[in-house]
Amino acid sequence: MNVLLFLDYAGVAVFAATGALAASRKQLDIIGFLFLAAVTGIGGGTFRDLIIDVPVFWVVNPAYILVCAAVSVIVYFGAHLVESRYKLLLWLDAVGLAAYCVMGAAKGYAATGSPTVAVVMGMLTATFGGILRDLLSGEPSVLMRPEIYVTAALAGAASFTILTVAGVPLLAAALAAFAVAFLIRGGALRFGWSFPRYRSRPGRRPEDIP
Amino acid sequence: MNVLLFLDYAGVAVFAATGALAASRKQLDIIGFLFLAAVTGIGGGTFRDLIIDVPVFWVVNPAYILVCAAVSVIVYFGAHLVESRYKLLLWLDAVGLAAYCVMGAAKGYAATGSPTVAVVMGMLTATFGGILRDLLSGEPSVLMRPEIYVTAALAGAASFTILTVAGVPLLAAALAAFAVAFLIRGGALRFGWSFPRYRSRPGRRPEDIP
Amino acid sequence: MNVLLFLDYAGVAVFAATGALAASRKQLDIIGFLFLAAVTGIGGGTFRDLIIDVPVFWVVNPAYILVCAAVSVIVYFGAHLVESRYKLLLWLDAVGLAAYCVMGAAKGYAATGSPTVAVVMGMLTATFGGILRDLLSGEPSVLMRPEIYVTAALAGAASFTILTVAGVPLLAAALAAFAVAFLIRGGALRFGWSFPRYRSRPGRRPEDIP
């Protein structure tokens, strides 16, 4: 099986699982699970394919939808077995982020030949599904969490692009970039890695500004 | 008049009305009414046309925009006559949902020939306008309400697709599927129909998780 | 330098700066600055290009991405020098709104030949970046602020379209329309201009409706 195709299914499936876990946290019904799983699983890739102007992947191959549906059912019946669903959600999100940033960079590079576009596509599409999930389910956005998040997607996408431009074979470049992204995000989750945050002062509320 | 064209205009007009009603609840000005009406009315169809890669319907035929504008003005001057604007919003949303899920399934099936894609397009595009409206106006999301919502769109889209694949004429398939979706959502609104919700336990806040 | 190209870069750069300022208000790290700057800077134009079905501008020319990156770094190191970042954000947003509404109308008119589509594209794309920024960063939406906002974009887009249809040369039409939009939004910010808001009564919370 082609490594990119495997990463693609893996990214869709684990993001779908995070959507279903968010649905379980909000105690939605089974169709709510399906909906959030589908939107989270295919959201980033849909956005990617629209921007680089290729046919949307799940329209070409509806098997991705069935993967999301299967994952929703598994989570619906299995989520109560998990000690901390939010932790599981964050770790699966890390796997999805790593898979999607490679796919985004690979498809972006193949479609445009521009390394800059490849890196940006990898960063944006890896984070888009999670952003959609958090917006729709009312979870606090992963973007605003203190640990490193977008950086992991950026590093994975940049690694894949640099290795590919340097002539490294696809399989090696994809696996190395996946590992870079997952280790950075996983380390941030496990050890609380963060960059220095902007210190000056937090924003005041608009109504307090004279 | 072609039944699909009629459903299309009806879906746009009633979703536009729900956008304008949301604007009235937030006491926006007339341009705020226009904006929310346009975004809600054409949002789902825009998304549908981008994904199946056909020209966006209101770019091809700007009359849809004028429909949204006319609806905004009517709501601006008439909304105070209504006892409960939020109830009216929910009922119009039900009509729009039913019209849009048929249109989404029909256009998705015509463009791809895949029943799975048709059902998913119907479900996603019927709910997309309402999701946008609630996000932009800060209303609580219809997705999170306890009664059946996405299910109605899914049932309507599936009915249309099954009937069409079975060879039922367009007019009959469209009307039957519209009725299925509207009766399910209307019954849910009127009688509080809901599926069993996921029971286990609600999600804790992220900061309470050790 | 072509006036439209200049407005395009100016719109991207100042919207990117508002995204970075929102990041500084939320005390994100440098990559959070980059991310919000990129999404805000290129969001409206991406949406515009998808809808009128032309290649996305920053995929064709990745220099726009580098502009967003440069702006983020400048804001990261310079934002503490500013007395009121939220006021600066609103004023830069006004410049971006004025630049983007002209670009949206110009590209929409060039692609479709429809004045209605041109006006709507100008209005939607000028406001889209700011809406995305506020959604992602959790700022109160500019849409809901009491002063005139969408109206400025609408007036600028309409001015450009009317002048262009009337045969006024591109440079004059673009500058005049930019001025109209900026003066309206600037006057609203400076003097609190607003339309009469919808008076009847605010919306009740859904759970208070019998």
# chains A, B, ... in the order shown; residues from 1 in each chain; ligands from 1
>>> residues_around(residues="C:Thr40", least_positions_apart="4", cutoff="12 Å", atoms="only C-alpha atoms", output="VMD selection string")
chain C and resid 11 to 23 33 to 36 44 to 47 65 68 to 69 71 to 72 89 93 96 to 97 100 125 to 137
>>> closest_atom_pairs(of="chain B", to="chain A", cutoff="7 Å", atoms="only C-alpha atoms", output="Markdown table")
| residue | atom | partner | partner_atom | distance |
| --- | --- | --- | --- | --- |
| B:Ile51 | CA | A:Val56 | CA | 6.4 |
| B:Thr116 | CA | A:Pro62 | CA | 6.3 |
| B:Val117 | CA | A:Val59 | CA | 6.0 |
| B:Val150 | CA | A:Ile31 | CA | 6.7 |
| B:Thr151 | CA | A:Ile31 | CA | 6.1 |
| B:Phe195 | CA | A:Asp29 | CA | 6.0 |
| B:Pro196 | CA | A:Asp29 | CA | 6.2 |
| B:Arg197 | CA | A:Asp29 | CA | 4.3 |
| B:Tyr198 | CA | A:Gln27 | CA | 4.7 |
| B:Arg199 | CA | A:Gln27 | CA | 6.5 |
| B:Ser200 | CA | A:His80 | CA | 5.9 |
| B:Pro202 | CA | A:Arg25 | CA | 5.0 |
| B:Gly203 | CA | A:Arg25 | CA | 4.0 |
>>> select_by_dssp(residues="stretch 34-181 of chain B", states="helix (DSSP H, G or I)", output="PyMOL selection string")
chain B and resi 34-51+57-60+63-81+85-112+115-137+142-144+150-165+170-181
>>> decode(residues="stretch 115-162 of chain A", atoms="N, CA and C atoms", output="PDB file, in the first residue's frame")
ATOM      1  N   PRO A 115       7.781  25.125  -2.975  1.00  0.00           N
ATOM      2  CA  PRO A 115       8.010  24.686  -1.581  1.00  0.00           C
ATOM      3  C   PRO A 115       7.240  25.550  -0.573  1.00  0.00           C
ATOM      4  N   THR A 116       7.163  26.869  -0.800  1.00  0.00           N
ATOM      5  CA  THR A 116       6.437  27.719   0.144  1.00  0.00           C
ATOM      6  C   THR A 116       4.974  27.297   0.240  1.00  0.00           C
ATOM      7  N   VAL A 117       4.346  27.081  -0.914  1.00  0.00           N
ATOM      8  CA  VAL A 117       2.945  26.658  -0.917  1.00  0.00           C
ATOM      9  C   VAL A 117       2.800  25.304  -0.223  1.00  0.00           C
ATOM     10  N   ALA A 118       3.764  24.395  -0.466  1.00  0.00           N
ATOM     11  CA  ALA A 118       3.687  23.075   0.159  1.00  0.00           C
ATOM     12  C   ALA A 118       3.692  23.189   1.679  1.00  0.00           C
ATOM     13  N   VAL A 119       4.598  24.018   2.209  1.00  0.00           N
ATOM     14  CA  VAL A 119       4.690  24.146   3.664  1.00  0.00           C
ATOM     15  C   VAL A 119       3.406  24.760   4.230  1.00  0.00           C
ATOM     16  N   VAL A 120       2.909  25.812   3.576  1.00  0.00           N
ATOM     17  CA  VAL A 120       1.692  26.467   4.079  1.00  0.00           C
ATOM     18  C   VAL A 120       0.494  25.535   3.992  1.00  0.00           C
ATOM     19  N   MET A 121       0.377  24.788   2.893  1.00  0.00           N
ATOM     20  CA  MET A 121      -0.737  23.840   2.772  1.00  0.00           C
ATOM     21  C   MET A 121      -0.666  22.784   3.859  1.00  0.00           C
ATOM     22  N   GLY A 122       0.536  22.288   4.144  1.00  0.00           N
ATOM     23  CA  GLY A 122       0.671  21.294   5.202  1.00  0.00           C
ATOM     24  C   GLY A 122       0.253  21.858   6.546  1.00  0.00           C
ATOM     25  N   MET A 123       0.690  23.072   6.849  1.00  0.00           N
ATOM     26  CA  MET A 123       0.362  23.689   8.130  1.00  0.00           C
ATOM     27  C   MET A 123      -1.135  23.956   8.243  1.00  0.00           C
ATOM     28  N   LEU A 124      -1.718  24.533   7.181  1.00  0.00           N
ATOM     29  CA  LEU A 124      -3.130  24.911   7.278  1.00  0.00           C
ATOM     30  C   LEU A 124      -4.049  23.693   7.321  1.00  0.00           C
ATOM     31  N   THR A 125      -3.772  22.703   6.453  1.00  0.00           N
ATOM     32  CA  THR A 125      -4.732  21.602   6.375  1.00  0.00           C
ATOM     33  C   THR A 125      -4.616  20.668   7.572  1.00  0.00           C
ATOM     34  N   ALA A 126      -3.420  20.583   8.177  1.00  0.00           N
ATOM     35  CA  ALA A 126      -3.287  19.718   9.349  1.00  0.00           C
ATOM     36  C   ALA A 126      -4.052  20.279  10.543  1.00  0.00           C
ATOM     37  N   THR A 127      -4.218  21.598  10.578  1.00  0.00           N
ATOM     38  CA  THR A 127      -4.866  22.206  11.731  1.00  0.00           C
ATOM     39  C   THR A 127      -6.334  22.510  11.482  1.00  0.00           C
ATOM     40  N   PHE A 128      -6.767  22.451  10.227  1.00  0.00           N
ATOM     41  CA  PHE A 128      -8.105  22.919   9.876  1.00  0.00           C
ATOM     42  C   PHE A 128      -9.214  22.026  10.450  1.00  0.00           C
ATOM     43  N   GLY A 129      -9.011  20.708  10.370  1.00  0.00           N
ATOM     44  CA  GLY A 129     -10.029  19.794  10.892  1.00  0.00           C
ATOM     45  C   GLY A 129     -10.259  19.988  12.385  1.00  0.00           C
ATOM     46  N   GLY A 130      -9.174  20.135  13.128  1.00  0.00           N
ATOM     47  CA  GLY A 130      -9.300  20.325  14.568  1.00  0.00           C
ATOM     48  C   GLY A 130      -9.956  21.657  14.916  1.00  0.00           C
ATOM     49  N   ILE A 131      -9.644  22.684  14.121  1.00  0.00           N
ATOM     50  CA  ILE A 131     -10.253  23.998  14.350  1.00  0.00           C
ATOM     51  C   ILE A 131     -11.760  23.924  14.116  1.00  0.00           C
ATOM     52  N   LEU A 132     -12.152  23.272  13.004  1.00  0.00           N
ATOM     53  CA  LEU A 132     -13.576  23.090  12.712  1.00  0.00           C
ATOM     54  C   LEU A 132     -14.284  22.342  13.842  1.00  0.00           C
ATOM     55  N   ARG A 133     -13.646  21.237  14.286  1.00  0.00           N
ATOM     56  CA  ARG A 133     -14.229  20.425  15.365  1.00  0.00           C
ATOM     57  C   ARG A 133     -14.460  21.278  16.610  1.00  0.00           C
ATOM     58  N   ASP A 134     -13.465  22.069  16.980  1.00  0.00           N
ATOM     59  CA  ASP A 134     -13.596  22.844  18.202  1.00  0.00           C
ATOM     60  C   ASP A 134     -14.632  23.958  18.050  1.00  0.00           C
ATOM     61  N   LEU A 135     -14.666  24.593  16.865  1.00  0.00           N
ATOM     62  CA  LEU A 135     -15.672  25.633  16.622  1.00  0.00           C
ATOM     63  C   LEU A 135     -17.082  25.042  16.712  1.00  0.00           C
ATOM     64  N   LEU A 136     -17.300  23.897  16.047  1.00  0.00           N
ATOM     65  CA  LEU A 136     -18.652  23.344  15.964  1.00  0.00           C
ATOM     66  C   LEU A 136     -19.102  22.745  17.281  1.00  0.00           C
ATOM     67  N   SER A 137     -18.180  22.170  18.046  1.00  0.00           N
ATOM     68  CA  SER A 137     -18.606  21.496  19.267  1.00  0.00           C
ATOM     69  C   SER A 137     -18.467  22.399  20.491  1.00  0.00           C
ATOM     70  N   GLY A 138     -17.939  23.608  20.286  1.00  0.00           N
ATOM     71  CA  GLY A 138     -17.804  24.510  21.423  1.00  0.00           C
ATOM     72  C   GLY A 138     -16.704  24.120  22.397  1.00  0.00           C
ATOM     73  N   GLU A 139     -15.767  23.263  21.965  1.00  0.00           N
ATOM     74  CA  GLU A 139     -14.591  22.984  22.793  1.00  0.00           C
ATOM     75  C   GLU A 139     -13.679  24.212  22.771  1.00  0.00           C
ATOM     76  N   PRO A 140     -12.848  24.402  23.812  1.00  0.00           N
ATOM     77  CA  PRO A 140     -11.824  25.448  23.707  1.00  0.00           C
ATOM     78  C   PRO A 140     -10.883  25.101  22.567  1.00  0.00           C
ATOM     79  N   SER A 141     -10.525  26.096  21.746  1.00  0.00           N
ATOM     80  CA  SER A 141      -9.763  25.811  20.530  1.00  0.00           C
ATOM     81  C   SER A 141      -8.359  25.298  20.846  1.00  0.00           C
ATOM     82  N   VAL A 142      -7.946  24.222  20.139  1.00  0.00           N
ATOM     83  CA  VAL A 142      -6.574  23.728  20.295  1.00  0.00           C
ATOM     84  C   VAL A 142      -5.549  24.817  19.986  1.00  0.00           C
ATOM     85  N   LEU A 143      -5.921  25.741  19.105  1.00  0.00           N
ATOM     86  CA  LEU A 143      -5.014  26.842  18.756  1.00  0.00           C
ATOM     87  C   LEU A 143      -4.603  27.673  19.959  1.00  0.00           C
ATOM     88  N   MET A 144      -5.512  27.820  20.913  1.00  0.00           N
ATOM     89  CA  MET A 144      -5.281  28.724  22.037  1.00  0.00           C
ATOM     90  C   MET A 144      -4.614  28.009  23.223  1.00  0.00           C
ATOM     91  N   ARG A 145      -4.387  26.691  23.107  1.00  0.00           N
ATOM     92  CA  ARG A 145      -3.760  25.971  24.202  1.00  0.00           C
ATOM     93  C   ARG A 145      -2.304  26.409  24.348  1.00  0.00           C
ATOM     94  N   PRO A 146      -1.781  26.330  25.567  1.00  0.00           N
ATOM     95  CA  PRO A 146      -0.429  26.870  25.761  1.00  0.00           C
ATOM     96  C   PRO A 146       0.681  26.065  25.086  1.00  0.00           C
ATOM     97  N   GLU A 147       0.507  24.729  24.945  1.00  0.00           N
ATOM     98  CA  GLU A 147       1.629  23.980  24.382  1.00  0.00           C
ATOM     99  C   GLU A 147       1.688  24.164  22.871  1.00  0.00           C
ATOM    100  N   ILE A 148       2.847  23.787  22.349  1.00  0.00           N
ATOM    101  CA  ILE A 148       3.138  23.858  20.916  1.00  0.00           C
ATOM    102  C   ILE A 148       2.113  23.067  20.122  1.00  0.00           C
ATOM    103  N   TYR A 149       1.516  23.650  19.091  1.00  0.00           N
ATOM    104  CA  TYR A 149       0.550  22.918  18.272  1.00  0.00           C
ATOM    105  C   TYR A 149       0.813  23.158  16.781  1.00  0.00           C
ATOM    106  N   VAL A 150       0.581  24.401  16.343  1.00  0.00           N
ATOM    107  CA  VAL A 150       0.778  24.710  14.928  1.00  0.00           C
ATOM    108  C   VAL A 150       2.223  24.436  14.505  1.00  0.00           C
ATOM    109  N   THR A 151       3.144  24.683  15.436  1.00  0.00           N
ATOM    110  CA  THR A 151       4.563  24.462  15.157  1.00  0.00           C
ATOM    111  C   THR A 151       4.860  23.036  14.712  1.00  0.00           C
ATOM    112  N   ALA A 152       4.182  22.064  15.328  1.00  0.00           N
ATOM    113  CA  ALA A 152       4.410  20.668  14.963  1.00  0.00           C
ATOM    114  C   ALA A 152       4.009  20.432  13.510  1.00  0.00           C
ATOM    115  N   ALA A 153       2.867  21.001  13.115  1.00  0.00           N
ATOM    116  CA  ALA A 153       2.419  20.850  11.727  1.00  0.00           C
ATOM    117  C   ALA A 153       3.383  21.545  10.774  1.00  0.00           C
ATOM    118  N   LEU A 154       3.836  22.720  11.179  1.00  0.00           N
ATOM    119  CA  LEU A 154       4.777  23.476  10.355  1.00  0.00           C
ATOM    120  C   LEU A 154       6.092  22.713  10.201  1.00  0.00           C
ATOM    121  N   ALA A 155       6.583  22.140  11.291  1.00  0.00           N
ATOM    122  CA  ALA A 155       7.853  21.408  11.232  1.00  0.00           C
ATOM    123  C   ALA A 155       7.721  20.161  10.370  1.00  0.00           C
ATOM    124  N   GLY A 156       6.597  19.453  10.503  1.00  0.00           N
ATOM    125  CA  GLY A 156       6.398  18.255   9.684  1.00  0.00           C
ATOM    126  C   GLY A 156       6.308  18.601   8.209  1.00  0.00           C
ATOM    127  N   ALA A 157       5.536  19.633   7.898  1.00  0.00           N
ATOM    128  CA  ALA A 157       5.376  20.029   6.494  1.00  0.00           C
ATOM    129  C   ALA A 157       6.707  20.513   5.920  1.00  0.00           C
ATOM    130  N   ALA A 158       7.467  21.274   6.713  1.00  0.00           N
ATOM    131  CA  ALA A 158       8.758  21.774   6.241  1.00  0.00           C
ATOM    132  C   ALA A 158       9.737  20.620   6.049  1.00  0.00           C
ATOM    133  N   SER A 159       9.749  19.654   6.970  1.00  0.00           N
ATOM    134  CA  SER A 159      10.651  18.501   6.835  1.00  0.00           C
ATOM    135  C   SER A 159      10.352  17.744   5.553  1.00  0.00           C
ATOM    136  N   PHE A 160       9.070  17.451   5.331  1.00  0.00           N
ATOM    137  CA  PHE A 160       8.713  16.698   4.130  1.00  0.00           C
ATOM    138  C   PHE A 160       9.155  17.454   2.876  1.00  0.00           C
ATOM    139  N   THR A 161       8.910  18.762   2.865  1.00  0.00           N
ATOM    140  CA  THR A 161       9.215  19.550   1.676  1.00  0.00           C
ATOM    141  C   THR A 161      10.719  19.615   1.424  1.00  0.00           C
ATOM    142  N   ILE A 162      11.479  19.864   2.490  1.00  0.00           N
ATOM    143  CA  ILE A 162      12.933  19.952   2.335  1.00  0.00           C
ATOM    144  C   ILE A 162      13.502  18.615   1.862  1.00  0.00           C
TER     145      ILE A 162
END
